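Data first, discussion second: the structure below is written as structure tokens.
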Amino acid sequence: MNGRLLAISVLIGAVIGPSPALPAPAIDPKTWLTPDAPAGDASLPFEYVSGLVVPVSAREEAIGLLADAQIVELPYEQAQHFLGVDRQSLLGAWRGTPYLVRAVNPNSAGQCEASVRGDILSVFCGSLGDWRYELHPVVVFLPKKPKVVRISAMTAR
């Protein structure tokens, strides 16, 4: 094989041969928003629910679990892992089953809250600052899995 043909063969092998895994494509945070989801029957009681934003150290793993679902039921051990607190703290402070839920925060300084009205869980994050929408999964504690998850975010800017 002459030198030119060998160089072309090596180049083709490098292009189509095995390659290192590429990072997963970034998720556009706005694809997690559900602006058309129903708000719920206004005659039903509105109730805030306990929940905590997943810290940065576990965020990528949580986002991976939510790739194909808005909400995922968690065993207490997994909720403990995502939140970085001990099991006794979870059992003593939170009532209900832990669920990992999608949330979108306008920026890292924003605040998130969750509420339930009937079978609809609403997760809202808001901020007064810049808008660099970020994926911010939350763990919420609910008596039962909601039928609808409504995810919204807003910034004053």
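Residue numbering restarts at 1 for every chain of the structure tokens, chains are lettered A, B, ... in their displayed order, and ligands are numbered from 1 as they appear.
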
Long-range neighbours of Ala58 of chain A as a list of chain:residue names, 9 Å cut-off, only C-alpha atoms, 6 positions minimum in chain: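 Non-adjacent residues within range: A:His81, A:Phe82, A:Leu83, A:Gly84.
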
Report as CSV: every residue of segment 96-145 of chain A with an atom at most 7 Å from segment 64-76 of chain A, its closest pair of atoms, and their distance in Å to one decimal, counting only C-alpha atoms, with rows sorted by chain and ascending residue number.
residue,atom,partner,partner_atom,distance
A:Pro98,CA,A:Leu74,CA,5.5
A:Tyr99,CA,A:Glu73,CA,4.4
A:Leu100,CA,A:Val72,CA,5.1
A:Val101,CA,A:Ile71,CA,4.4
A:Arg102,CA,A:Gln70,CA,5.4

Those of segment 55-155 of chain A in DSSP strand (DSSP E or B), formatted as a ChimeraX atom specification: /A:71-73,97-101,104-105,111-117,120-127,134-135,138-142,148-155

Nearest to Ile63 of chain A, chosen from A:Glu113, A:Ala26, A:Phe141, A:Ala156, with only C-alpha atoms counted in the distances: A:Ala26

Which of A:Pro29, A:Pro38, A:Pro146, A:Gly51 sits closest to Gly118 of chain A [using only C-alpha atoms]: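 Looking only at the distances to Gly118 of chain A, the closest residue turns out to be A:Pro146.
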
Could you give me, as a tab-separated table, every segment 77-120 of chain A residue with an atom at most 9 Å from segment 46-50 of chain A, plus its closest atom pair and distance in Å to one decimal, counting only C-alpha atoms, rows ordered by chain then number?
residue	atom	partner	partner_atom	distance
A:Trp94	CA	A:Ser50	CA	6.8
A:Arg95	CA	A:Ser50	CA	8.2
A:Glu113	CA	A:Tyr48	CA	7.7
A:Ala114	CA	A:Val49	CA	5.7
A:Ser115	CA	A:Tyr48	CA	4.1
A:Val116	CA	A:Glu47	CA	5.3
A:Arg117	CA	A:Phe46	CA	4.9
A:Gly118	CA	A:Phe46	CA	8.0

Every residue of segment 6-151 of chain A that DSSP places in helix (DSSP H, G or I), as a VMD selection string: chain A and resid 6 to 16 29 to 32 56 to 65 76 to 83 87 to 93

Same residues, C-alpha atoms, output as a PDB file, in the first residue's frame:
ATOM      1  CA  LEU A   6      -2.438   4.393   3.777  1.00  0.00           C
ATOM      2  CA  ALA A   7      -3.024   7.968   4.974  1.00  0.00           C
ATOM      3  CA  ILE A   8      -6.531   7.982   3.457  1.00  0.00           C
ATOM      4  CA  SER A   9      -7.340   4.596   5.050  1.00  0.00           C
ATOM      5  CA  VAL A  10      -6.220   5.812   8.476  1.00  0.00           C
ATOM      6  CA  LEU A  11      -8.252   9.010   8.103  1.00  0.00           C
ATOM      7  CA  ILE A  12     -11.421   7.077   7.112  1.00  0.00           C
ATOM      8  CA  GLY A  13     -10.894   4.652   9.994  1.00  0.00           C
ATOM      9  CA  ALA A  14     -10.583   7.569  12.390  1.00  0.00           C
ATOM     10  CA  VAL A  15     -13.792   9.138  11.089  1.00  0.00           C
ATOM     11  CA  ILE A  16     -16.018   6.060  10.956  1.00  0.00           C
ATOM     12  CA  PRO A  29     -35.047  24.069  29.682  1.00  0.00           C
ATOM     13  CA  LYS A  30     -38.082  25.590  27.969  1.00  0.00           C
ATOM     14  CA  THR A  31     -39.028  22.133  26.639  1.00  0.00           C
ATOM     15  CA  TRP A  32     -39.841  21.153  30.231  1.00  0.00           C
ATOM     16  CA  VAL A  56     -26.151  20.871  41.971  1.00  0.00           C
ATOM     17  CA  SER A  57     -24.125  17.800  43.040  1.00  0.00           C
ATOM     18  CA  ALA A  58     -26.999  15.435  42.097  1.00  0.00           C
ATOM     19  CA  ARG A  59     -28.721  17.518  39.423  1.00  0.00           C
ATOM     20  CA  GLU A  60     -27.363  15.761  36.298  1.00  0.00           C
ATOM     21  CA  GLU A  61     -28.424  12.358  37.638  1.00  0.00           C
ATOM     22  CA  ALA A  62     -31.898  13.689  38.475  1.00  0.00           C
ATOM     23  CA  ILE A  63     -32.237  15.276  35.034  1.00  0.00           C
ATOM     24  CA  GLY A  64     -31.355  11.893  33.509  1.00  0.00           C
ATOM     25  CA  LEU A  65     -34.191  10.215  35.426  1.00  0.00           C
ATOM     26  CA  TYR A  76     -36.944   7.158  50.408  1.00  0.00           C
ATOM     27  CA  GLU A  77     -33.315   6.015  49.997  1.00  0.00           C
ATOM     28  CA  GLN A  78     -33.140   7.603  46.549  1.00  0.00           C
ATOM     29  CA  ALA A  79     -34.803  10.808  47.772  1.00  0.00           C
ATOM     30  CA  GLN A  80     -32.199  10.866  50.547  1.00  0.00           C
ATOM     31  CA  HIS A  81     -29.456  10.477  47.936  1.00  0.00           C
ATOM     32  CA  PHE A  82     -30.790  13.306  45.769  1.00  0.00           C
ATOM     33  CA  LEU A  83     -31.334  15.686  48.679  1.00  0.00           C
ATOM     34  CA  ARG A  87     -33.416   8.999  56.119  1.00  0.00           C
ATOM     35  CA  GLN A  88     -34.632   9.990  59.600  1.00  0.00           C
ATOM     36  CA  SER A  89     -34.809  13.630  58.540  1.00  0.00           C
ATOM     37  CA  LEU A  90     -36.917  12.656  55.551  1.00  0.00           C
ATOM     38  CA  LEU A  91     -39.257  10.444  57.543  1.00  0.00           C
ATOM     39  CA  GLY A  92     -39.576  12.912  60.414  1.00  0.00           C
ATOM     40  CA  ALA A  93     -40.066  16.098  58.439  1.00  0.00           C
TER      41      ALA A  93
END

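The shortest atom-to-atom distance to Asp41 of chain A, with only C-alpha atoms taken into account, belongs to A:Asp119 out of A:Asp28, A:Thr97, A:Asp86, A:Asp119.
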